[in-house]
Each structure stands twice: as structure tokens, then as C-alpha cells.
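**Student:** Next comes the structure file start_18.txt, holding compact mmCIF, C-alpha atoms and all ligand atoms.
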```txt
# COMPACT_ATOMS: atom_id res chain seq x y z
CA MET A 149 -16.26 28.46 82.56
CA THR A 150 -12.66 28.88 83.69
CA GLY A 151 -10.31 27.46 86.28
CA ARG A 152 -9.45 23.86 86.94
CA GLN A 153 -12.59 21.79 87.25
CA ALA A 154 -12.87 19.27 90.06
CA GLY A 155 -13.13 15.55 89.34
CA ASN A 156 -11.97 16.01 85.79
CA GLY A 157 -8.92 15.95 83.55
CA VAL A 158 -6.93 19.04 82.71
CA PHE A 159 -7.41 20.99 79.50
CA LEU A 160 -4.40 22.93 78.18
CA THR A 161 -4.23 24.95 74.98
CA PHE A 162 -1.48 26.67 72.98
CA GLU A 163 -2.13 29.88 71.11
CA GLY A 164 -0.12 32.37 69.10
CA ILE A 165 0.48 33.61 65.59
CA ASP A 166 1.45 31.25 62.76
CA GLY A 167 5.00 29.93 63.14
CA SER A 168 5.34 30.95 66.80
CA GLY A 169 6.29 27.42 67.82
CA LYS A 170 2.98 26.15 69.23
CA SER A 171 3.14 22.69 67.66
CA THR A 172 6.75 22.23 68.72
CA GLN A 173 5.99 23.26 72.31
CA ALA A 174 2.77 21.24 72.51
CA ARG A 175 4.67 18.13 71.45
CA LEU A 176 7.54 18.77 73.89
CA LEU A 177 5.12 19.40 76.75
CA ALA A 178 3.28 16.15 75.98
CA GLU A 179 6.61 14.27 76.10
CA ARG A 180 7.65 15.85 79.41
CA LEU A 181 4.28 15.20 81.06
CA ARG A 182 4.31 11.59 79.87
CA ASP A 183 7.81 11.26 81.36
CA ASP A 184 6.26 12.52 84.62
CA GLY A 185 3.76 9.64 84.39
CA HIS A 186 0.70 11.57 83.16
CA ASP A 187 -1.80 10.23 80.66
CA VAL A 188 -1.74 12.82 77.87
CA VAL A 189 -3.83 13.36 74.73
CA LEU A 190 -2.13 15.64 72.20
CA THR A 191 -4.53 17.12 69.68
CA ARG A 192 -5.02 20.16 67.44
CA GLU A 193 -7.52 22.52 65.86
CA PRO A 194 -8.99 22.79 63.40
CA GLY A 195 -9.12 18.99 63.54
CA GLY A 196 -8.54 16.43 66.26
CA SER A 197 -11.43 14.12 65.29
CA THR A 198 -12.35 12.47 61.99
CA GLY A 199 -15.12 14.93 61.13
CA ALA A 200 -13.16 17.96 62.28
CA GLU A 201 -10.17 16.92 60.15
CA GLU A 202 -12.53 16.86 57.14
CA ILE A 203 -13.69 20.38 58.00
CA ARG A 204 -10.02 21.39 58.35
CA ARG A 205 -9.50 20.67 54.67
CA LEU A 206 -12.54 22.76 53.79
CA VAL A 207 -11.32 25.81 55.71
CA LEU A 208 -7.55 25.70 55.14
CA GLU A 209 -7.22 24.64 51.50
CA GLY A 210 -8.45 26.26 48.31
CA ASP A 211 -9.38 29.84 47.49
CA PRO A 212 -9.11 32.06 50.61
CA ASP A 213 -12.37 33.78 49.58
CA ARG A 214 -14.20 30.49 49.36
CA TRP A 215 -16.26 31.21 52.51
CA SER A 216 -17.84 34.35 53.89
CA ALA A 217 -16.55 35.43 57.30
CA GLU A 218 -19.76 34.24 58.94
CA THR A 219 -19.73 30.83 57.23
CA GLU A 220 -16.13 30.41 58.31
CA ILE A 221 -17.08 31.01 61.95
CA LEU A 222 -19.76 28.33 61.63
CA LEU A 223 -17.30 25.86 60.08
CA PHE A 224 -14.59 26.38 62.73
CA THR A 225 -17.23 26.09 65.47
CA ALA A 226 -18.71 22.95 63.89
CA ALA A 227 -15.23 21.40 63.79
CA ARG A 228 -14.69 22.36 67.45
CA ARG A 229 -18.04 20.91 68.51
CA ASP A 230 -17.17 17.55 66.91
CA HIS A 231 -13.68 17.65 68.44
CA MET A 232 -15.19 18.38 71.87
CA GLU A 233 -17.78 15.63 71.63
CA ARG A 234 -15.51 12.91 70.31
CA THR A 235 -12.02 13.66 71.60
CA ILE A 236 -11.69 16.35 74.28
CA LEU A 237 -14.64 15.73 76.62
CA PRO A 238 -14.26 11.91 76.68
CA ALA A 239 -10.54 12.28 77.51
CA LEU A 240 -11.25 14.82 80.28
CA ALA A 241 -13.96 12.55 81.69
CA GLN A 242 -11.30 9.82 81.96
CA GLY A 243 -9.11 12.19 83.95
CA ARG A 244 -6.52 12.64 81.19
CA ILE A 245 -4.52 15.76 80.33
CA VAL A 246 -5.59 17.19 76.97
CA ILE A 247 -3.08 19.42 75.16
CA CYS A 248 -4.62 21.20 72.20
CA ASP A 249 -2.68 23.16 69.58
CA ARG A 250 -5.07 26.14 69.10
CA PHE A 251 -8.66 26.37 70.36
CA ALA A 252 -11.41 28.99 70.68
CA ASP A 253 -9.01 31.90 71.23
CA SER A 254 -7.84 31.37 67.64
CA THR A 255 -11.41 31.84 66.40
CA ARG A 256 -11.77 34.94 68.60
CA MET A 257 -8.67 36.31 66.85
CA TYR A 258 -8.71 35.06 63.27
CA GLN A 259 -12.45 35.06 62.57
CA GLY A 260 -13.20 37.75 65.16
CA LEU A 261 -10.68 40.27 63.83
CA SER A 262 -9.45 39.50 60.32
CA ARG A 263 -12.51 40.50 58.29
CA GLY A 264 -14.28 43.11 60.39
CA ASP A 265 -15.32 43.05 64.02
CA LEU A 266 -17.08 39.71 64.44
CA ARG A 267 -15.90 38.96 67.96
CA GLY A 268 -19.45 39.22 69.35
CA LEU A 269 -20.70 36.58 66.91
CA VAL A 270 -17.77 34.27 67.72
CA ASP A 271 -18.45 34.58 71.46
CA THR A 272 -22.21 34.04 71.10
CA LEU A 273 -21.70 30.89 69.06
CA HIS A 274 -19.03 29.69 71.48
CA ASP A 275 -21.38 30.13 74.44
CA LEU A 276 -24.12 28.23 72.62
CA MET A 277 -22.11 25.37 71.14
CA ILE A 278 -18.87 24.93 73.12
CA ALA A 279 -19.31 26.61 76.53
CA ARG A 280 -15.97 25.50 77.87
CA GLU A 281 -12.66 27.31 78.28
CA PRO A 282 -9.27 25.68 78.85
CA ASP A 283 -7.85 25.36 82.38
CA MET A 284 -4.67 27.02 81.11
CA THR A 285 -3.71 28.66 77.82
CA VAL A 286 -0.06 29.16 76.90
CA LEU A 287 0.40 32.11 74.56
CA ILE A 288 3.70 31.84 72.69
CA ASP A 289 4.34 35.51 72.02
CA MET A 290 6.68 36.35 69.21
CA ASP A 291 7.88 38.80 66.67
CA PRO A 292 5.53 38.46 63.62
CA GLU A 293 8.29 38.70 60.97
CA THR A 294 10.14 35.75 62.49
CA GLY A 295 6.90 33.81 62.83
CA LEU A 296 5.96 34.39 59.20
CA ARG A 297 9.43 33.39 58.01
CA ARG A 298 9.26 30.16 59.99
CA ALA A 299 5.72 29.39 58.83
CA ARG A 300 6.58 30.04 55.16
CA ASP A 301 9.75 27.93 55.32
CA ARG A 302 7.50 25.04 56.32
CA GLN A 303 5.53 25.27 53.05
CA GLY A 304 2.60 22.95 52.23
CA SER A 305 -0.94 23.29 50.91
CA GLU A 306 -2.35 24.88 54.11
CA GLU A 307 -1.42 28.54 53.91
CA ARG A 308 -4.76 30.11 54.51
CA PHE A 309 -3.96 32.81 57.08
CA GLU A 310 -0.23 33.03 56.50
CA ASP A 311 -1.21 34.34 53.05
CA PHE A 312 -2.74 37.45 54.61
CA GLY A 313 0.77 38.83 55.30
CA PRO A 314 2.63 40.76 57.99
CA GLU A 315 -0.01 43.43 58.74
CA LEU A 316 -2.52 40.82 59.87
CA GLN A 317 0.15 38.98 61.87
CA HIS A 318 0.92 42.22 63.75
CA ARG A 319 -2.76 42.72 64.56
CA MET A 320 -3.04 39.07 65.64
CA ARG A 321 -0.07 39.38 67.98
CA ALA A 322 -1.57 42.46 69.62
CA GLY A 323 -4.96 40.76 69.72
CA PHE A 324 -3.60 37.66 71.46
CA LEU A 325 -1.84 39.84 74.06
CA GLY A 326 -5.19 41.59 74.58
CA LEU A 327 -6.89 38.23 75.14
CA ALA A 328 -4.19 37.34 77.67
CA THR A 329 -5.20 40.44 79.63
CA GLU A 330 -8.92 39.78 79.21
CA PHE A 331 -8.59 36.17 80.44
CA ALA A 332 -5.64 36.77 82.77
CA GLU A 333 -6.59 33.93 85.13
CA ARG A 334 -6.01 31.21 82.54
CA PHE A 335 -3.38 32.76 80.21
CA ARG A 336 0.39 32.37 80.64
CA VAL A 337 2.44 34.45 78.20
CA VAL A 338 5.77 32.90 77.20
CA ASP A 339 8.44 34.69 75.15
CA GLY A 340 8.86 32.61 71.96
CA ASN A 341 11.87 34.56 70.61
CA ARG A 342 14.30 32.19 72.29
CA PRO A 343 15.76 28.74 71.65
CA ILE A 344 13.23 25.90 71.72
CA GLU A 345 14.56 24.46 75.00
CA SER A 346 14.32 27.80 76.87
CA VAL A 347 10.72 28.25 75.78
CA ALA A 348 9.97 24.64 76.76
CA ARG A 349 11.40 25.17 80.24
CA ASP A 350 8.94 28.01 80.92
CA VAL A 351 6.02 26.05 79.46
CA VAL A 352 6.78 23.00 81.60
CA ALA A 353 7.22 25.15 84.73
CA ALA A 354 3.85 26.87 84.20
CA THR A 355 2.15 23.52 83.64
CA ARG A 356 3.69 21.84 86.67
CA ALA A 357 2.58 24.81 88.78
CA LEU A 358 -0.99 24.31 87.56
CA LEU A 359 -0.91 20.57 88.21
CA THR A 360 0.36 20.76 91.79
P1 LIG B 401 3.37 26.84 64.93
O1 LIG B 401 2.74 25.54 65.33
O2 LIG B 401 3.17 27.91 65.96
O3 LIG B 401 3.00 27.31 63.58
P2 LIG B 401 5.83 25.29 64.76
O4 LIG B 401 6.03 24.67 66.09
O5 LIG B 401 5.29 24.44 63.65
O6 LIG B 401 4.94 26.62 64.92
O7 LIG B 401 7.21 25.94 64.33
C1 LIG B 401 7.41 26.52 63.06
C2 LIG B 401 8.87 26.26 62.61
O8 LIG B 401 9.76 26.97 63.49
C3 LIG B 401 9.27 24.80 62.69
O9 LIG B 401 10.13 24.53 61.62
C4 LIG B 401 10.02 24.69 64.03
O10 LIG B 401 10.98 23.67 64.02
C5 LIG B 401 10.64 26.07 64.16
N1 LIG B 401 10.73 26.55 65.57
C6 LIG B 401 9.81 26.37 66.55
N2 LIG B 401 10.20 26.99 67.69
C7 LIG B 401 11.39 27.56 67.43
C8 LIG B 401 12.32 28.34 68.22
N3 LIG B 401 12.09 28.65 69.50
N4 LIG B 401 13.44 28.77 67.62
C9 LIG B 401 13.70 28.46 66.30
N5 LIG B 401 12.87 27.73 65.51
C10 LIG B 401 11.73 27.28 66.06
P1 LIG B 402 -2.33 25.75 62.45
O1 LIG B 402 -2.27 24.42 61.80
O2 LIG B 402 -2.20 25.80 63.93
O3 LIG B 402 -1.28 26.70 61.76
P2 LIG B 402 0.12 27.22 62.24
O4 LIG B 402 0.89 25.98 62.63
O5 LIG B 402 0.65 27.92 61.04
O6 LIG B 402 -0.10 28.13 63.39
O7 LIG B 402 -3.68 26.49 62.06
C1 LIG B 402 -3.95 26.67 60.72
C2 LIG B 402 -4.60 28.01 60.48
O8 LIG B 402 -5.94 27.98 60.97
C3 LIG B 402 -3.90 29.17 61.14
O9 LIG B 402 -3.55 30.10 60.12
C4 LIG B 402 -4.95 29.77 62.04
C5 LIG B 402 -6.25 29.25 61.49
N1 LIG B 402 -7.35 29.10 62.48
C6 LIG B 402 -8.41 29.97 62.42
O10 LIG B 402 -8.45 30.85 61.57
N2 LIG B 402 -9.44 29.84 63.30
C7 LIG B 402 -9.46 28.87 64.25
O11 LIG B 402 -10.43 28.78 65.04
C8 LIG B 402 -8.35 27.97 64.31
C9 LIG B 402 -8.34 26.87 65.34
C10 LIG B 402 -7.31 28.11 63.40
```
Using the file provided, produce a representation of the structure as C-alpha cells.
**Tutor:**
Amino acid sequence: MTGRQAGNGVFLTFEGIDGSGKSTQARLLAERLRDDGHDVVLTREPGGSTGAEEIRRLVLEGDPDRWSAETEILLFTAARRDHMERTILPALAQGRIVICDRFADSTRMYQGLSRGDLRGLVDTLHDLMIAREPDMTVLIDMDPETGLRRARDRQGSEERFEDFGPELQHRMRAGFLGLATEFAERFRVVDGNRPIESVARDVVAATRALLT
């Protein structure tokens, strides 16, 4: 399911490698759209609902080998299902704009690519349990070394995928650009190797174009 759906809110997602500036841009976009008078819900994955935030702790903290690749796909999808049921779909039904920091494209990349080719499994589970794509996805494309540096400077207990190092980040960047080609109708690729305000200008312009 792609494209803007009639009689409904608008569902926007941000994607990109760790440290690419997604959270910063999602927050800025929410502020700008609220200034324009829109009713905006800013949320994130994994998380965005009480149950999904609990699952977030299970998947992002502790030993990176805690879960098998398959179990991890189930956990991220379970978190997303709860987030959809309790946060995203109710907000869209009320005609609100939902901005989500990461969504299913992150599972297609991280769980689909990092430990073997599991993309088919990710897509099958997505079709069964989520069955909804965003109206627009902003990919913040950026140089992996810079992204890793920014993500590591941030520190904290959630380092799960940053720990996998630069090689994985390079593959993720290429993978995200591949997804942008695969789902060209909903993806907008924005160059993240620029000052925050320049990136934000492009993000806001793409969003206003979608909303008009
Ligand atoms: P992500 O959500 O993609 O991991 P963040 O938005 O949390 O990225 O940004 C990671 C760090 O980089 C933060 O400290 C943020 O302030 C900084 N940052 C974000 N965008 C830029 C930018 N365009 N230029 C320089 N620093 C940035
Ligand atoms: P996030 O908090 O967005 O991290 P960052 O701000 O560093 O980009 O996401 C945390 C980690 O979760 C990130 O390394 C990517 C990973 N992740 C997956 O592996 N699969 C998923 O489906 C999602 C949503 C995130």
C-alpha cells in the first residue's frame, strides 16, 4: 500500500544510517508543520507505544547476540504492530500527520541484511502483520564515517547496531539507496552532509509538496 490515502492523515517516516540526523530532522519538521497549523504526532521506532518501548529495551540493550536473527525480526515486528495499533493508526484515523523516526525500511535493512539475506522473511511478516507503507519516506543519506562519529559521540546504553562498525554502515547506506530506488514513488533522498538548517529546508520543501 503506497501513496497518500484518501480520507486519512498523512504518514511520514525518516530513514538512514545511525547518526545521519533523522531524529534532529524529524523534530524540526514537526515544529515547522505545527507552525503551519498542522496537528502532528512525532514518534519513533522501535518504540512509540508503551509495549513497543518495552520491546525496545529488549532489542537494543544487552548482549548483541542475545537474539537470533529470526527472533529479532519477530521482536521488531511485534513492536511495530503494537505501535501501529495504539499510536499510528488512531492518529491517522483522526486526520493527523504522523512523523516516525524509522519504520519498516529499517527492518528491511538491519534485520534483512546484517546477518544473512533475510529480506524475504522481513517482507512476508510485514505483509502479514503491518501491511502499510508510509505516504512519504525521507532518506537522510550520509557518509558512514561521519554518521558513526556522530552516533558514538552521543553515547548511552543503546549501541546495538552502531557496535557492528563501519563495514555494516557502508552496506546499510548502499542498501537504503537501493530501497529508495525500489520504492521510488514514496522515497525522497536528502543529502545529510550539510548544516542542519540546509537539510531541514529540503525536508520541509518535500513535505509541503506532498501536502499540497
Ligand atoms: P540519528 O537520529 O539519525 O541517529 P541524530 O539526529 O540523533 O541522528 O543526530 C546525531 C548527532 O549529530 C546529534 O548530536 C545531532 O545534534 C548531530 N547532527 C544532526 N544533524 C547534523 C548535521 N546536519 N550536521 C552536524 N551535526 C548534526
Ligand atoms: P535509533 O534509536 O533510530 O538509532 P539511531 O538514532 O542511532 O539511528 O534506532 C536504534 C537502532 O535500532 C538502530 O541501530 C537501528 C535499529 N533498528 C533495527 O535494527 N531494526 C528496526 O526495525 C528499527 C526500527 C531499528
**Student:** Around ligand LIG 401 (chain B), which protein and nucleic acid residues have at least one atom no more than 10 Å from it, if we count all atoms listed in the file? List them as an NGL selection string.
**Tutor:** :A and (162-176 or 192 or 249-250 or 287-290 or 294-303 or 310 or 339-348)
**Student:** Pick the closest to ligand LIG 402 (chain B) from A:Gly326, A:Gly243, A:Gly260, A:Gly199: which is it, counting only C-alpha atoms and all ligand atoms?
**Tutor:** A:Gly260
**Student:** Let me make sure I understand: among A:Asp283, A:Asp183, A:Asp265, A:Glu330, which one has the smallest atom-to-atom distance to Thr355 in chain A if we use all atoms listed in the file?
**Tutor:**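 Closest to Thr355 in chain A, using all atoms listed in the file: A:Asp283.
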**Student:** What's the 9 Å shell around Ser262 in chain A, counting all atoms listed in the file, without same-chain residues fewer than 3 positions away, as an NGL selection string?
**Tutor:** :A and (217 or 257-259 or 265-266 or 316 or 319-320)
**Student:** Could you check which of A:Leu181, A:Ile247, A:Leu190, A:Leu208 is closest to ligand LIG 402 (chain B), using all atoms listed in the file?
**Tutor:**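 Looking at the shortest contact to ligand LIG 402 (chain B), the residue is A:Leu208.
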**Student:** May I ask which of the residues A:Ala332, A:Val352, A:Ala200, A:Leu240 is the closest one to ligand LIG 402 (chain B), counting all atoms listed in the file?
**Tutor:** A:Ala200
**Student:** Work out how far CA of Ala357 in chain A is from CA of His186 in chain A, in Å to one decimal.
**Tutor:**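 Going from CA of His186 in chain A over to CA of Ala357 in chain A covers 14.5 Å.
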**Student:** Show me, as JSON, the centre and edge lengths in Å to one decimal of the axis-aligned box that covers every listed atom of range 313-321 of chain A with 6 Å on each side.
**Tutor:**
```
{"center_x": -0.2, "center_y": 41.1, "center_z": 61.6, "size_x": 17.7, "size_y": 16.6, "size_z": 24.7}
```
**Student:** Just give me the gap between atom O5 of ligand LIG 402 (chain B) and CA of Gly313 in chain A in Å, one decimal is fine.
**Tutor:**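 One can read the atom O5 of ligand LIG 402 (chain B) to CA of Gly313 in chain A distance as 12.3 Å.
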**Student:** Can you pull out the residues contacting Arg267 in chain A? Cut-off 12 Å, using all atoms listed in the file, and skip same-chain residues under 2 positions away; I want them as a VMD selection string.
**Tutor:** chain A and resid 217 to 218 221 252 to 265 269 to 274 323 327
**Student:** Which is closest to ligand LIG 402 (chain B) among A:Ala353, A:Leu177, A:Leu160, A:Ala227, if we use only C-alpha atoms and all ligand atoms?
**Tutor:**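 Under the stated criterion, the closest residue is A:Ala227.
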**Student:** Which residue, A:Arg321, A:Arg228, A:Arg214, A:Arg182, has the smallest gap to ligand LIG 402 (chain B) when you use only C-alpha atoms and all ligand atoms?
**Tutor:**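 Of A:Arg321, A:Arg228, A:Arg214, A:Arg182, the one nearest ligand LIG 402 (chain B) is A:Arg228, counting only C-alpha atoms and all ligand atoms.
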**Student:** If I take CA of Asp187 in chain A and CA of Ala354 in chain A, how far is one from the other in Å, to one decimal?
**Tutor:**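 Calculated distance between CA of Asp187 in chain A and CA of Ala354 in chain A is 17.9 Å.
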**Student:** Could you pull out every residue with an atom within 9 Å of (-7.5, 23.8, 78.8), file coordinates, counting all atoms listed in the file, and send them as a PDB file with C-alpha atoms, keeping the file's coordinate frame?
**Tutor:**
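Saved file point-v9.pdb follows:
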```
ATOM      1  CA  THR A 150     -12.660  28.880  83.690  1.00  0.00           C
ATOM      2  CA  GLY A 151     -10.310  27.460  86.280  1.00  0.00           C
ATOM      3  CA  ARG A 152      -9.450  23.860  86.940  1.00  0.00           C
ATOM      4  CA  VAL A 158      -6.930  19.040  82.710  1.00  0.00           C
ATOM      5  CA  PHE A 159      -7.410  20.990  79.500  1.00  0.00           C
ATOM      6  CA  LEU A 160      -4.400  22.930  78.180  1.00  0.00           C
ATOM      7  CA  THR A 161      -4.230  24.950  74.980  1.00  0.00           C
ATOM      8  CA  PHE A 162      -1.480  26.670  72.980  1.00  0.00           C
ATOM      9  CA  ILE A 245      -4.520  15.760  80.330  1.00  0.00           C
ATOM     10  CA  VAL A 246      -5.590  17.190  76.970  1.00  0.00           C
ATOM     11  CA  ILE A 247      -3.080  19.420  75.160  1.00  0.00           C
ATOM     12  CA  CYS A 248      -4.620  21.200  72.200  1.00  0.00           C
ATOM     13  CA  PHE A 251      -8.660  26.370  70.360  1.00  0.00           C
ATOM     14  CA  ARG A 280     -15.970  25.500  77.870  1.00  0.00           C
ATOM     15  CA  GLU A 281     -12.660  27.310  78.280  1.00  0.00           C
ATOM     16  CA  PRO A 282      -9.270  25.680  78.850  1.00  0.00           C
ATOM     17  CA  ASP A 283      -7.850  25.360  82.380  1.00  0.00           C
ATOM     18  CA  MET A 284      -4.670  27.020  81.110  1.00  0.00           C
ATOM     19  CA  THR A 285      -3.710  28.660  77.820  1.00  0.00           C
ATOM     20  CA  ARG A 334      -6.010  31.210  82.540  1.00  0.00           C
TER      21      ARG A 334
END
```
